[in-house]
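What follows is one structure encoded as structure tokens, with my remarks underneath.
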Amino acid sequence: MLTPYSANELFEWLLAEDDFLLLDVRNEADFGRFKVEGPHEIDTSNIPYFDFMEEEEASVAKVPRTKKVRVVCAKEGSAMYVGEILEANGFEDVGYLKEGIVAWGNMLSPRKVDAGSDGHELWQFTRPGKGSLSWGLISEGELTIFDPSRNLDFYQSFAKAHSCKITQTFETHLQADYISGSRFLAEAVGSKVFANSGDFMGASFDYTPVKDGEILPSSSNGPQIEVIHTPGHTPGSTCYQIGGKYLISGDTVFLVSLGRPDLGGKAVEWAGMLFDTMTLKIKTMPADLKILPGHYIEWSEAKEDFLFTDALGEVISANASIYDIDTVESFTEFIKSNIRKQPDVYAEIRKVNAGWLNPEDDEQSTMDLGKNECAASAYAAQQAS
């Protein structure tokens with residue numbers, strides 16, 4: 001029977017290593033640019049739906065009958081079309097992804113990081129389609145979100161399910177790889193936006209500038225949020241330390257590598273800032289501080305519970321080839337050797353996140369697709385093709 005399935009269901013199947021064939025019927029170019037990925041190997045086949053239209057028998061013959069088939073396309077219609085063909089040809093367990101690859105690209109999955117003795121909760125929101133992470137802190141019925149995506153329905157549903165209200169969001173920097181949800185949440189629920197004016201000066205929406213060393217409340221008696229200015233990835237890049245235990249590090253500190261400092265077209269100048277941040281701030285922080293990054297490169301970075309976090313000391317040790325660089329000249333050379341050309345759409349996304357550009361929702365969805373390319377690492381550089 002042909003049945004629809006959601007992006008969240010697909011993700012749970014991937015986590016559980018469910019045995020099925022993921023049949024992607026987009027064209028080869030789109031499939032090559034962005035595909036469904038998870039923590040385990042996925043049995044995936046790419047057979048464009050045009051092939052099913054023009055050579056139905058030959059295309060159907062390429063699909064094994066020994067597994068459940070889960071079809072994905074750009075927007076849903078083509079996957080349903082191919083699913084109906086497979087069902088007509090005797091396939092018994094076929095599903096199609098509702099709303100297509102866009103739904104996968106926007107999907108968020110919540111995982112609890114910590115529950116404090118005072119009742120507060122810290123949550124990780126994983127966005128597997130982007131390799132991005134946002135974070136939520138619940139305290140006394142108030143929800144603070146760090147680096148929200150534009151999936152407002154998810155955050156609002158999460159808040160309702162946990163009997164809390166979204167009161168504030170914090171931006172670690174002006175995002176280039178995805179469209180931020182802060183200003184849209186502010187419009188939808190009246191939450192307050194906090195951000196560094198080094199990135200957001202001139203933004204077309206209201207925000208409260210944060211200052212290095214400032215202490216802000218999560219709620220009346222909840223964990224304190226310490227502002228730590230960490231320029232380099234961008235001039236206004238800022239980390240937020242929660243209760244002296246966790247560091248929301250944005251794109252400054254990843255579990256693998258650091259955030260690339262070239263997205264503003266000033267690789268050399270910003271590399272110098274990032275080197276100072278690395279040596280004078282990051283390396284002087286407590287080794288047991290838990291890093292909560294804004295992105296991951298590979299699923300291998302996750303713990304067994306699929307949480308992306310590690311102690312700062314372990315992060316520095318695992319990235320010793322970077323953190324041991326002792327001159328700004330050598331660090332700049334490392335940066336120049338280990339970054340690839342940023343996607344052209346990043347410049348447009350920055351304008352959206354500053355409120356200077358307001359494309360229609362469908363266009364925003366298209367701009368927002370694709371994995372992040374924010375790390376300065378040999379891995380990232382090798383991905384060019």
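All residue names refer to the structure tokens as shown: chains lettered A, B, ... in order, residues numbered from 1 in each chain, ligands numbered from 1 in order.
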
What are the closest atom pairs, with distances in Å to one decimal, for all residues of range 58-152 of chain A lying within 9 Å of range 299-314 of chain A? Consider only C-alpha atoms, order rows by chain and residue number, and present the result as a Markdown table.
| residue | atom | partner | partner_atom | distance |
| --- | --- | --- | --- | --- |
| A:Arg111 | CA | A:Leu307 | CA | 7.3 |
| A:Lys112 | CA | A:Leu307 | CA | 8.5 |
| A:Val113 | CA | A:Leu307 | CA | 7.3 |
| A:Gln124 | CA | A:Leu307 | CA | 7.3 |
| A:Thr126 | CA | A:Leu307 | CA | 8.6 |
| A:Gly131 | CA | A:Trp299 | CA | 8.7 |
| A:Leu133 | CA | A:Phe308 | CA | 8.4 |

Would you kindly return, as JSON, numbers by chain, each protein, DNA or RNA residue with an atom no farther than 9 Å from any atom of Thr169 in chain A, considering only C-alpha atoms and excluding same-chain residues fewer than 6 positions away?
{"A": [143, 144, 145, 146, 147, 148, 181, 182, 183, 185, 186, 191, 192, 193, 194, 195]}

Spatial neighbours of Ala347 in chain A, max dist 12 Å, only C-alpha atoms, sep filter under 2 positions, as a ChimeraX atom specification
/A:174-179,262-265,342-345,349-354,356-357,367

For the selection just defined, write its residues with C-alpha atoms to a file, as a PDB file, in the first residue's frame.
ATOM      1  CA  LEU A 174      25.109  36.554  11.254  1.00  0.00           C
ATOM      2  CA  GLN A 175      24.504  33.170   9.654  1.00  0.00           C
ATOM      3  CA  ALA A 176      25.523  32.637   6.050  1.00  0.00           C
ATOM      4  CA  ASP A 177      24.598  29.001   5.443  1.00  0.00           C
ATOM      5  CA  TYR A 178      20.997  29.021   6.628  1.00  0.00           C
ATOM      6  CA  ILE A 179      18.154  31.445   7.217  1.00  0.00           C
ATOM      7  CA  ASP A 262      36.551  33.899   4.995  1.00  0.00           C
ATOM      8  CA  LEU A 263      32.785  34.171   4.556  1.00  0.00           C
ATOM      9  CA  GLY A 264      32.937  37.960   4.544  1.00  0.00           C
ATOM     10  CA  GLY A 265      35.608  37.957   1.838  1.00  0.00           C
ATOM     11  CA  GLN A 342      31.732  29.444  -0.375  1.00  0.00           C
ATOM     12  CA  PRO A 343      28.395  28.830  -2.150  1.00  0.00           C
ATOM     13  CA  ASP A 344      27.153  31.906  -4.007  1.00  0.00           C
ATOM     14  CA  VAL A 345      23.854  31.823  -2.111  1.00  0.00           C
ATOM     15  CA  ILE A 349      21.340  34.456   2.970  1.00  0.00           C
ATOM     16  CA  ARG A 350      23.328  37.021   4.979  1.00  0.00           C
ATOM     17  CA  LYS A 351      21.096  39.760   3.524  1.00  0.00           C
ATOM     18  CA  VAL A 352      17.980  37.818   4.532  1.00  0.00           C
ATOM     19  CA  ASN A 353      19.316  37.349   8.056  1.00  0.00           C
ATOM     20  CA  ALA A 354      19.971  41.080   8.360  1.00  0.00           C
ATOM     21  CA  TRP A 356      17.669  43.516   3.969  1.00  0.00           C
ATOM     22  CA  LEU A 357      16.178  40.913   1.647  1.00  0.00           C
ATOM     23  CA  MET A 367      18.069  28.989  -0.527  1.00  0.00           C
TER      24      MET A 367
END

Applying 10 Å and only C-alpha atoms, which residues near range 49-55 of chain A remain after dropping the ones on its own chain fewer than 5 positions away? List them as a list in words.
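Contacts, in chain order: Asp24, Val25, Arg26, Asn27, Val60, Cys73, Ser78, Ala79, Tyr81, Val82, Ile85 and Leu86 of chain A.
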
Run DSSP on the backbone and grab whatever in range 251-349 of chain A lands in strand (DSSP E or B); send it over as a list in words.
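The strand (DSSP E or B) subset of range 251-349 of chain A is Val253, Leu258, Gly259, Lys290, Ile291, Leu292, Pro293, His295, Asp310 and Ala311 of chain A.
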
Quick one: residues within 10 Å of range 228-239 of chain A, only C-alpha atoms, excluding same-chain residues fewer than 5 positions away - as number ranges by chain?
A: 170-175, 195-201, 210-215, 247-253, 258-264, 266-267, 269-278, 280-282, 292-293, 374-376

So which residues of range 209-272 of chain A fall under alpha helix (DSSP H) by DSSP, listed as a PyMOL selection string?
chain A and resi 267-272

For the selection just defined, write its residues with C-alpha atoms to a file, as a PDB file, in the first residue's frame.
ATOM      1  CA  ALA A 267      40.098  35.674   4.998  1.00  0.00           C
ATOM      2  CA  VAL A 268      43.452  37.161   6.056  1.00  0.00           C
ATOM      3  CA  GLU A 269      42.035  39.900   8.296  1.00  0.00           C
ATOM      4  CA  TRP A 270      39.494  37.639   9.969  1.00  0.00           C
ATOM      5  CA  ALA A 271      42.009  34.795  10.316  1.00  0.00           C
ATOM      6  CA  GLY A 272      44.034  37.108  12.553  1.00  0.00           C
TER       7      GLY A 272
END
